[in-house]
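Printed here is run.txt (compact mmCIF, C-alpha atoms):
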```txt
# COMPACT_ATOMS: atom_id res chain seq x y z
CA MET A 1 83.15 16.41 16.49
CA THR A 2 80.22 14.20 15.67
CA VAL A 3 80.16 12.28 12.47
CA PRO A 4 76.70 12.25 10.89
CA GLN A 5 75.22 8.76 10.80
CA GLU A 6 72.57 9.32 8.17
CA GLY A 7 72.75 11.01 4.82
CA ARG A 8 74.48 10.52 1.54
CA THR A 9 76.47 12.62 -0.86
CA VAL A 10 75.72 12.30 -4.53
CA ILE A 11 77.79 14.16 -7.09
CA ARG A 12 75.60 14.95 -10.06
CA ALA A 13 76.69 15.05 -13.69
CA GLN A 14 77.01 18.82 -13.81
CA ALA A 15 79.35 18.88 -10.83
CA LEU A 16 81.42 16.05 -12.27
CA ARG A 17 81.76 17.96 -15.52
CA ARG A 18 82.96 21.03 -13.63
CA ILE A 19 85.53 18.99 -11.73
CA ALA A 20 86.94 17.60 -14.98
CA GLN A 21 86.83 21.03 -16.60
CA ALA A 22 88.67 22.80 -13.78
CA THR A 23 91.27 20.05 -13.45
CA LEU A 24 91.97 19.96 -17.15
CA ALA A 25 92.13 23.74 -17.40
CA GLU A 26 94.75 23.84 -14.68
CA LEU A 27 96.81 21.10 -16.32
CA ALA A 28 96.66 22.71 -19.75
CA GLY A 29 97.29 26.19 -18.39
CA VAL A 30 94.14 27.75 -19.82
CA ALA A 31 90.90 29.21 -18.43
CA PRO A 32 88.17 26.69 -17.49
CA SER A 33 85.77 28.40 -19.88
CA GLU A 34 88.00 27.31 -22.78
CA VAL A 35 87.72 23.65 -21.88
CA SER A 36 84.77 21.57 -22.98
CA VAL A 37 84.02 18.25 -21.32
CA GLN A 38 81.52 15.49 -22.02
CA LEU A 39 80.97 12.56 -19.68
CA ALA A 40 79.56 9.18 -20.58
CA ASP A 41 79.36 5.59 -19.37
CA VAL A 42 81.63 2.88 -20.77
CA ARG A 43 80.61 -0.50 -19.31
CA GLY A 44 80.17 0.89 -15.83
CA ALA A 45 83.17 3.22 -15.79
CA LEU A 46 83.23 6.90 -16.59
CA ALA A 47 84.44 8.10 -19.97
CA ILE A 48 85.76 11.65 -20.22
CA GLU A 49 85.80 13.28 -23.61
CA ALA A 50 87.45 16.67 -23.54
CA ALA A 51 88.66 19.34 -25.90
CA THR A 52 91.00 22.09 -24.80
CA PRO A 53 93.61 24.53 -26.07
CA ILE A 54 97.03 24.17 -24.45
CA ASP A 55 99.36 26.88 -23.23
CA LEU A 56 102.84 25.44 -23.49
CA GLY A 57 104.21 28.12 -21.18
CA ALA A 58 101.64 27.71 -18.43
CA ALA A 59 100.84 23.99 -18.72
CA ARG A 60 101.80 21.88 -15.71
CA VAL A 61 103.49 19.24 -17.85
CA SER A 62 106.61 19.19 -19.99
CA GLY A 63 108.07 17.28 -22.92
CA THR A 64 106.90 16.93 -26.47
CA LEU A 65 103.29 17.61 -27.31
CA ILE A 66 102.53 13.87 -27.35
CA GLU A 67 104.22 13.41 -23.99
CA ARG A 68 102.36 16.35 -22.54
CA THR A 69 99.04 15.03 -23.80
CA ALA A 70 99.72 11.62 -22.25
CA ALA A 71 100.77 13.23 -18.98
CA ILE A 72 97.68 15.45 -18.91
CA THR A 73 95.43 12.45 -19.54
CA ALA A 74 97.06 10.43 -16.77
CA GLU A 75 97.03 13.29 -14.29
CA LEU A 76 93.42 14.15 -15.11
CA THR A 77 92.41 10.54 -14.42
CA THR A 78 94.25 10.46 -11.10
CA ARG A 79 92.96 13.79 -9.85
CA PHE A 80 89.42 13.17 -11.02
CA GLU A 81 89.26 9.78 -9.34
CA ARG A 82 90.59 11.27 -6.13
CA THR A 83 88.20 14.22 -6.12
CA ALA A 84 84.97 12.60 -7.30
CA GLU A 85 85.55 9.01 -6.16
CA ARG A 86 84.58 7.63 -9.54
CA THR A 87 86.58 5.21 -11.66
CA VAL A 88 87.60 6.69 -15.01
CA GLY A 89 87.53 4.10 -17.77
CA GLN A 90 88.85 6.18 -20.63
CA VAL A 91 89.90 9.71 -21.47
CA ARG A 92 89.78 11.11 -24.96
CA LEU A 93 91.56 14.41 -25.16
CA ARG A 94 91.60 16.69 -28.18
CA LEU A 95 94.03 19.61 -28.30
CA LEU A 96 92.32 22.43 -30.16
CA ARG A 97 95.19 24.86 -30.59
CA LEU A 98 98.21 26.39 -28.92
CA ALA A 99 97.29 29.23 -26.65
CA GLY A 100 99.29 31.59 -24.48
CA THR A 101 101.82 34.39 -24.59
CA GLN A 102 104.08 33.25 -27.42
CA THR A 103 101.56 32.30 -30.07
CA GLY A 104 97.88 32.23 -29.22
CA ARG A 105 97.28 35.73 -27.89
CA ARG A 106 98.84 37.46 -30.89
CA ALA A 107 97.02 35.35 -33.37
CA GLU A 108 93.65 36.15 -31.76
CA MET B 109 42.15 -9.59 25.81
CA THR B 110 41.47 -12.80 23.92
CA SER B 111 38.45 -11.28 22.23
CA GLU B 112 40.55 -8.27 21.31
CA THR B 113 43.15 -10.51 19.71
CA GLY B 114 40.41 -12.20 17.75
CA ALA B 115 39.02 -8.86 16.66
CA TYR B 116 42.48 -7.68 15.62
CA ARG B 117 42.99 -10.82 13.59
CA ARG B 118 39.59 -10.44 11.94
CA ILE B 119 40.11 -6.78 11.06
CA SER B 120 43.59 -7.48 9.77
CA ARG B 121 42.30 -10.25 7.56
CA ARG B 122 39.50 -8.07 6.23
CA GLU B 123 41.97 -5.38 5.30
CA THR B 124 44.52 -7.64 3.65
CA HIS B 125 42.13 -9.86 1.71
CA SER B 126 39.28 -9.01 -0.59
CA SER B 127 35.92 -10.63 0.03
CA ARG B 128 35.22 -13.89 -1.77
CA ALA B 129 31.56 -13.98 -0.70
CA GLY B 130 30.07 -12.86 -4.01
CA TRP B 131 32.03 -15.40 -6.00
CA ALA B 132 31.34 -18.19 -3.54
CA ILE B 133 27.60 -17.40 -3.70
CA THR B 134 27.71 -17.46 -7.51
CA VAL B 135 29.39 -20.87 -7.51
CA ALA B 136 26.95 -22.22 -4.93
CA ALA B 137 23.97 -20.89 -6.93
CA ALA B 138 25.30 -22.48 -10.14
CA VAL B 139 25.81 -25.82 -8.39
CA MET B 140 22.29 -25.63 -6.89
CA ALA B 141 20.76 -24.75 -10.26
CA SER B 142 22.46 -27.64 -12.05
CA ALA B 143 21.53 -30.09 -9.28
CA ALA B 144 17.90 -28.94 -9.48
CA ALA B 145 17.92 -29.25 -13.28
CA ALA B 146 19.37 -32.77 -13.07
CA GLY B 147 16.72 -33.73 -10.49
CA VAL B 148 13.84 -32.37 -12.54
CA ALA B 149 15.17 -34.06 -15.71
CA SER B 150 15.52 -37.49 -14.07
CA VAL B 151 12.03 -37.35 -12.57
CA TYR B 152 10.66 -36.27 -15.97
CA LEU B 153 12.38 -39.18 -17.73
CA ILE B 154 11.00 -41.65 -15.17
CA VAL B 155 7.45 -40.29 -15.58
CA HIS B 156 7.62 -40.14 -19.41
CA PRO B 157 9.79 -43.08 -20.59
CA SER B 158 9.13 -42.13 -24.25
CA ALA B 159 11.00 -38.87 -23.70
CA SER B 160 14.13 -40.84 -22.88
CA ALA B 161 14.22 -42.22 -26.45
CA ARG B 162 13.92 -38.70 -27.85
CA VAL B 163 16.79 -37.50 -25.69
CA ARG B 164 18.92 -40.42 -26.88
CA ASP B 165 18.15 -39.53 -30.51
CA GLY B 166 19.13 -35.98 -29.82
CA PHE B 167 22.47 -37.06 -28.39
CA ASP B 168 23.07 -39.40 -31.33
CA GLY B 169 22.50 -36.51 -33.70
CA ALA B 170 24.84 -34.29 -31.73
CA ALA B 171 27.45 -37.03 -31.52
CA ALA B 172 28.08 -36.45 -35.19
CA LEU B 173 30.38 -33.59 -34.30
CA ASP B 174 30.74 -32.43 -37.89
CA SER B 175 27.14 -31.30 -37.91
CA PRO B 176 26.44 -27.62 -37.07
CA GLY B 177 24.40 -28.71 -34.04
CA GLY B 178 27.35 -30.73 -32.76
CA HIS B 179 29.68 -27.76 -33.09
CA ARG B 180 27.31 -25.58 -31.17
CA ILE B 181 26.95 -28.08 -28.36
CA VAL B 182 30.73 -28.55 -28.06
CA ALA B 183 31.27 -24.78 -28.02
CA VAL B 184 28.66 -24.28 -25.31
CA CYS B 185 30.15 -27.10 -23.21
CA VAL B 186 33.71 -25.78 -23.49
CA ALA B 187 32.56 -22.26 -22.57
CA ALA B 188 30.60 -23.59 -19.60
CA VAL B 189 33.59 -25.59 -18.36
CA LEU B 190 35.93 -22.59 -18.67
CA ILE B 191 33.52 -20.26 -16.88
CA GLY B 192 33.07 -22.89 -14.19
CA ILE B 193 36.82 -23.29 -13.65
CA VAL B 194 37.32 -19.51 -13.44
CA LEU B 195 34.45 -19.16 -10.96
CA ILE B 196 35.71 -21.94 -8.71
CA VAL B 197 39.31 -20.66 -8.77
CA VAL B 198 38.22 -17.12 -7.93
CA ALA B 199 35.87 -18.32 -5.21
CA VAL B 200 38.53 -20.47 -3.53
CA ALA B 201 41.66 -18.31 -4.13
CA PRO B 202 42.87 -16.37 -1.08
CA GLY B 203 42.25 -12.93 -2.64
CA HIS B 204 45.33 -11.22 -1.27
CA ARG B 205 45.37 -7.47 -1.54
CA ALA B 206 48.62 -5.57 -2.14
CA ARG B 207 48.95 -4.67 1.52
CA ARG B 208 50.05 -6.38 4.66
CA SER B 209 49.61 -6.17 8.38
CA LEU B 210 52.57 -5.14 10.49
CA GLU B 211 53.40 -6.15 14.03
CA ALA B 212 51.93 -3.85 16.62
CA ARG B 213 50.93 -4.35 20.24
CA ARG B 214 47.65 -2.56 20.71
CA ALA B 215 46.51 -1.69 17.22
CA VAL B 216 46.06 -3.19 13.81
CA VAL B 217 48.58 -1.66 11.45
CA ILE B 218 48.04 -2.23 7.75
CA ALA B 219 50.63 -0.99 5.27
CA ASP B 220 50.20 -0.77 1.55
CA ASP B 221 52.90 -2.65 -0.37
CA LYS B 222 53.82 0.64 -2.06
CA VAL B 223 54.85 2.00 1.32
CA ILE B 224 57.03 -1.04 1.98
CA ALA B 225 58.57 -0.68 -1.48
CA ARG B 226 59.44 2.95 -0.78
CA ALA B 227 61.07 2.07 2.50
CA LEU B 228 63.09 -0.70 0.88
CA ALA B 229 64.09 1.61 -1.99
CA LYS B 230 65.53 4.02 0.54
CA THR B 231 67.46 1.20 2.20
CA ALA B 232 68.71 -0.10 -1.15
CA ALA B 233 69.79 3.37 -2.30
CA GLY B 234 71.80 3.76 0.87
CA ALA B 235 73.48 0.38 0.52
CA ALA B 236 74.23 0.86 -3.18
CA GLU B 237 75.25 4.51 -2.74
CA VAL B 238 73.12 5.70 -5.63
CA PRO B 239 70.45 8.41 -5.72
CA ARG B 240 66.93 7.32 -4.84
CA ASP B 241 65.65 7.84 -8.37
CA GLN B 242 67.98 5.09 -9.60
CA VAL B 243 66.29 2.45 -7.50
CA GLU B 244 63.10 0.61 -8.33
CA VAL B 245 61.61 -1.87 -5.88
CA ARG B 246 58.75 -4.27 -6.43
CA VAL B 247 57.28 -6.05 -3.47
CA GLY B 248 55.69 -9.46 -3.85
CA ARG B 249 54.11 -11.48 -1.06
CA THR B 250 57.35 -12.93 0.24
CA ARG B 251 60.11 -11.40 -1.85
CA ALA B 252 61.24 -7.99 -3.03
CA VAL B 253 62.85 -7.34 -6.41
CA VAL B 254 65.30 -4.44 -6.52
CA ARG B 255 66.47 -2.88 -9.77
CA LEU B 256 69.43 -0.52 -9.59
CA THR B 257 71.00 1.76 -12.16
CA PRO B 258 74.62 2.32 -11.14
CA LEU B 259 76.56 5.57 -11.39
CA ALA B 260 79.28 5.48 -14.03
CA GLY B 261 82.59 4.80 -12.34
CA ALA B 262 81.06 3.72 -9.04
CA ALA B 263 80.54 -0.02 -8.87
CA ILE B 264 77.64 -1.36 -6.81
CA ASP B 265 78.17 -4.25 -4.43
CA PRO B 266 75.04 -6.37 -4.96
CA ALA B 267 75.78 -8.48 -1.88
CA ALA B 268 75.61 -5.40 0.35
CA VAL B 269 72.27 -4.44 -1.18
CA VAL B 270 70.90 -7.97 -0.72
CA GLN B 271 72.05 -7.90 2.90
CA ALA B 272 70.52 -4.51 3.65
CA VAL B 273 67.23 -5.13 1.87
CA SER B 274 66.75 -8.60 3.31
CA SER B 275 67.31 -7.49 6.89
CA ALA B 276 64.95 -4.55 6.36
CA GLY B 277 62.33 -6.74 4.67
CA VAL B 278 62.09 -9.46 7.30
CA GLY B 279 59.87 -7.31 9.48
CA TYR B 280 57.43 -6.93 6.60
CA GLY B 281 57.03 -10.65 5.96
CA LEU B 282 59.52 -10.66 3.07
CA TRP B 283 61.44 -13.67 4.27
CA ARG B 284 62.83 -14.78 0.92
CA THR B 285 66.20 -13.44 -0.22
CA PRO B 286 65.54 -10.34 -2.33
CA ARG B 287 66.53 -10.30 -5.98
CA VAL B 288 68.90 -7.47 -6.78
CA LEU B 289 69.37 -6.62 -10.45
CA VAL B 290 72.02 -4.11 -11.47
CA ALA B 291 71.54 -2.52 -14.88
CA GLN B 292 74.28 -2.96 -17.47
CA ARG B 293 74.19 0.69 -18.44
CA ALA B 294 75.25 3.21 -15.86
CA VAL B 295 74.31 6.87 -15.73
CA VAL B 296 76.76 9.71 -15.21
CA GLY B 297 74.96 11.23 -12.27
```
As structure tokens - that is how I would like this structure written.
Amino acid sequence: MTVPQEGRTVIRAQALRRIAQATLAELAGVAPSEVSVQLADVRGALAIEAATPIDLGAARVSGTLIERTAAITAELTTRFERTAERTVGQVRLRLLRLAGTQTGRRAE
Amino acid sequence: MTSETGAYRRISRRETHSSRAGWAITVAAAVMASAAAAGVASVYLIVHPSASARVRDGFDGAAALDSPGGHRIVAVCVAAVLIGIVLIVVAVAPGHRARRSLEARRAVVIADDKVIARALAKTAAGAAEVPRDQVEVRVGRTRAVVRLTPLAGAAIDPAAVVQAVSSAGVGYGLWRTPRVLVAQRAVVG
């Protein structure tokens, strides 16, 4: 097992967006294609601005909607920082609608 | 061997400096011309003493600086002095070119400063952990200036960049501590 001495890994914006998208989709219990993510710089840290529907049945968090949103935001920050090795300065999350078996599917 | 060393030094100097010969010749010619003119004028004034009075009248007239003739003379003098200063500075200045000679045993190696800047940019990008296109390096005679655009969420350690660039730059005659400037605005990636 030789560790390469030279070389560098750079994660470009597109990849970062995908990481945030996939993570958020998993947390909210929806498909990644339903999640939209914008990344920006806030004084040197990364700002994530995301909009997603939430499936209350499939989401990985529990509690009231406010609690879930806060939990999703916190978990997204943690996972993103671990995966991409970038400091997240702020997360702005918008819930678009309720999706899933009970409500969303029938309405659509 | 000694003659070779001399030749190497001469070639290296030729490559890293631009020739001052033309400018030096111009200055020398101007000095010769004015000396000759002064000589001719003094002999003329000795031979024709009456001319000396006329010259004095001329200067008296010109001394009234408000007169159009006075203005013209002042303008011509100022222009001549400025041209003279420029000529002398150019003729005496070292005439460095943006390239430098590198250490090599049996050859003269001349590198353009652009090449050095590229090499240092690579070093800086590695130390700052940013992509190469977010690094800009300018190389002066003795110091490099590094400008970095950080990645959002990934802080740059300027001290590490200074360290890396200065140790890489010593071999290129950049002995002064490099300036490392990190942009306020980061880019996402």
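Here the question is which of A:Ala74, A:Leu27, A:Leu95, A:Ala45 gets nearest to chain B using all atoms listed in the file, and that residue is A:Ala45.
If we count only C-alpha atoms, these residues of chain B sit within 7 Å of chain A: Pro239, Ala260, Gly261, Ala262, Arg293, Ala294, Val295, Val296 and Gly297 of chain B.
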Please measure the separation of atom CA of Asp265 of chain B and atom CA of Val245 of chain B, giving the value in Å to one decimal.
16.8 Å
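A straight line drawn from atom CA of Ala206 of chain B to atom CA of Arg122 of chain B is 12.6 Å long.
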Coordinates-based distance that separates atom CA of Trp283 of chain B from atom CA of Arg240 of chain B (Å, one decimal):
23.5 Å
Using all atoms listed in the file, which protein or nucleic acid residues come within 12 Å of Arg226 of chain B? Drop anything in the same chain fewer than 4 positions from it, and give the result as a list of chain:residue names.
B:Ala219, B:Asp220, B:Asp221, B:Lys222, B:Lys230, B:Thr231, B:Ala232, B:Ala233, B:Arg240, B:Asp241, B:Val243, B:Glu244, B:Val245, B:Arg246, B:Val247, B:Ala252, B:Val254, B:Val273, B:Ala276, B:Gly277
Can you pull out the residues contacting Thr23 of chain A? Cut-off 9 Å, using all atoms listed in the file, and skip same-chain residues under 4 positions away; I want them as an mmCIF file with C-alpha atoms, in the frame of the given file.
```cif
data_model
loop_
_atom_site.group_PDB
_atom_site.id
_atom_site.type_symbol
_atom_site.label_atom_id
_atom_site.label_comp_id
_atom_site.auth_asym_id
_atom_site.auth_seq_id
_atom_site.Cartn_x
_atom_site.Cartn_y
_atom_site.Cartn_z
ATOM 1 C CA ARG A 18 82.960 21.030 -13.630
ATOM 2 C CA ILE A 19 85.530 18.990 -11.730
ATOM 3 C CA LEU A 27 96.810 21.100 -16.320
ATOM 4 C CA ALA A 28 96.660 22.710 -19.750
ATOM 5 C CA PRO A 32 88.170 26.690 -17.490
ATOM 6 C CA GLU A 75 97.030 13.290 -14.290
ATOM 7 C CA LEU A 76 93.420 14.150 -15.110
ATOM 8 C CA ARG A 79 92.960 13.790 -9.850
ATOM 9 C CA PHE A 80 89.420 13.170 -11.020
#
```
Is it possible to produce a file of segment 58-70 of chain A from this structure, with all heavy atoms, as an mmCIF file, in the first residue's frame?
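That gives us selection-v1.cif:
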```
data_model
loop_
_atom_site.group_PDB
_atom_site.id
_atom_site.type_symbol
_atom_site.label_atom_id
_atom_site.label_comp_id
_atom_site.auth_asym_id
_atom_site.auth_seq_id
_atom_site.Cartn_x
_atom_site.Cartn_y
_atom_site.Cartn_z
ATOM 1 N N ALA A 58 -41.203 9.036 5.373
ATOM 2 C CA ALA A 58 -39.896 8.487 5.026
ATOM 3 C C ALA A 58 -38.739 9.311 5.579
ATOM 4 O O ALA A 58 -37.597 8.853 5.577
ATOM 5 C CB ALA A 58 -39.758 8.399 3.500
ATOM 6 N N ALA A 59 -39.006 10.541 6.044
ATOM 7 C CA ALA A 59 -37.916 11.398 6.507
ATOM 8 C C ALA A 59 -37.177 10.747 7.666
ATOM 9 O O ALA A 59 -37.765 9.986 8.435
ATOM 10 C CB ALA A 59 -38.466 12.751 6.931
ATOM 11 N N ARG A 60 -35.884 11.039 7.777
ATOM 12 C CA ARG A 60 -35.051 10.414 8.804
ATOM 13 C C ARG A 60 -35.096 11.153 10.142
ATOM 14 O O ARG A 60 -34.279 10.910 11.001
ATOM 15 C CB ARG A 60 -33.590 10.365 8.328
ATOM 16 C CG ARG A 60 -33.364 9.551 7.079
ATOM 17 C CD ARG A 60 -33.696 8.079 7.361
ATOM 18 N NE ARG A 60 -33.556 7.279 6.166
ATOM 19 C CZ ARG A 60 -32.406 6.755 5.767
ATOM 20 N NH1 ARG A 60 -31.312 7.006 6.424
ATOM 21 N NH2 ARG A 60 -32.352 6.009 4.686
ATOM 22 N N VAL A 61 -36.016 12.103 10.243
ATOM 23 C CA VAL A 61 -36.096 12.880 11.489
ATOM 24 C C VAL A 61 -37.529 12.853 11.994
ATOM 25 O O VAL A 61 -38.452 12.563 11.248
ATOM 26 C CB VAL A 61 -35.648 14.345 11.265
ATOM 27 C CG1 VAL A 61 -34.156 14.411 11.040
ATOM 28 C CG2 VAL A 61 -36.418 14.956 10.118
ATOM 29 N N SER A 62 -37.698 13.157 13.274
ATOM 30 C CA SER A 62 -39.055 13.108 13.836
ATOM 31 C C SER A 62 -39.331 14.388 14.606
ATOM 32 O O SER A 62 -38.456 15.225 14.783
ATOM 33 C CB SER A 62 -39.183 11.886 14.753
ATOM 34 O OG SER A 62 -38.189 11.955 15.750
ATOM 35 N N GLY A 63 -40.571 14.518 15.075
ATOM 36 C CA GLY A 63 -40.948 15.707 15.840
ATOM 37 C C GLY A 63 -41.896 16.579 15.039
ATOM 38 O O GLY A 63 -42.453 16.157 14.017
ATOM 39 N N THR A 64 -42.074 17.788 15.498
ATOM 40 C CA THR A 64 -42.913 18.719 14.760
ATOM 41 C C THR A 64 -42.185 19.141 13.484
ATOM 42 O O THR A 64 -40.993 18.861 13.309
ATOM 43 C CB THR A 64 -43.209 19.979 15.586
ATOM 44 O OG1 THR A 64 -41.980 20.678 15.752
ATOM 45 C CG2 THR A 64 -43.783 19.631 16.947
ATOM 46 N N LEU A 65 -42.881 19.822 12.634
ATOM 47 C CA LEU A 65 -42.274 20.224 11.363
ATOM 48 C C LEU A 65 -41.074 21.150 11.609
ATOM 49 O O LEU A 65 -40.041 21.030 10.954
ATOM 50 C CB LEU A 65 -43.335 20.933 10.507
ATOM 51 C CG LEU A 65 -43.155 20.838 8.989
ATOM 52 C CD1 LEU A 65 -42.931 19.401 8.555
ATOM 53 C CD2 LEU A 65 -44.357 21.431 8.288
ATOM 54 N N ILE A 66 -41.220 22.044 12.586
ATOM 55 C CA ILE A 66 -40.119 22.965 12.914
ATOM 56 C C ILE A 66 -38.922 22.171 13.435
ATOM 57 O O ILE A 66 -37.776 22.391 13.012
ATOM 58 C CB ILE A 66 -40.577 23.996 13.977
ATOM 59 C CG1 ILE A 66 -41.764 24.821 13.461
ATOM 60 C CG2 ILE A 66 -39.425 24.909 14.376
ATOM 61 C CD1 ILE A 66 -41.453 25.720 12.306
ATOM 62 N N GLU A 67 -39.207 21.227 14.321
ATOM 63 C CA GLU A 67 -38.130 20.396 14.874
ATOM 64 C C GLU A 67 -37.437 19.601 13.777
ATOM 65 O O GLU A 67 -36.212 19.481 13.742
ATOM 66 C CB GLU A 67 -38.683 19.432 15.939
ATOM 67 C CG GLU A 67 -38.961 20.104 17.274
ATOM 68 C CD GLU A 67 -39.823 19.228 18.189
ATOM 69 O OE1 GLU A 67 -40.197 18.091 17.766
ATOM 70 O OE2 GLU A 67 -40.117 19.669 19.287
ATOM 71 N N ARG A 68 -38.251 19.055 12.897
ATOM 72 C CA ARG A 68 -37.669 18.267 11.801
ATOM 73 C C ARG A 68 -36.773 19.140 10.922
ATOM 74 O O ARG A 68 -35.681 18.727 10.521
ATOM 75 C CB ARG A 68 -38.775 17.662 10.936
ATOM 76 C CG ARG A 68 -39.494 16.527 11.610
ATOM 77 C CD ARG A 68 -40.641 16.093 10.720
ATOM 78 N NE ARG A 68 -41.625 15.329 11.466
ATOM 79 C CZ ARG A 68 -42.029 14.107 11.117
ATOM 80 N NH1 ARG A 68 -41.548 13.542 10.046
ATOM 81 N NH2 ARG A 68 -42.919 13.474 11.825
ATOM 82 N N THR A 69 -37.280 20.335 10.619
ATOM 83 C CA THR A 69 -36.490 21.229 9.767
ATOM 84 C C THR A 69 -35.137 21.543 10.421
ATOM 85 O O THR A 69 -34.083 21.489 9.777
ATOM 86 C CB THR A 69 -37.255 22.540 9.524
ATOM 87 O OG1 THR A 69 -38.579 22.226 9.162
ATOM 88 C CG2 THR A 69 -36.596 23.347 8.421
ATOM 89 N N ALA A 70 -35.191 21.848 11.718
ATOM 90 C CA ALA A 70 -33.950 22.156 12.437
ATOM 91 C C ALA A 70 -33.023 20.952 12.430
ATOM 92 O O ALA A 70 -31.802 21.086 12.195
ATOM 93 C CB ALA A 70 -34.271 22.574 13.864
#
```
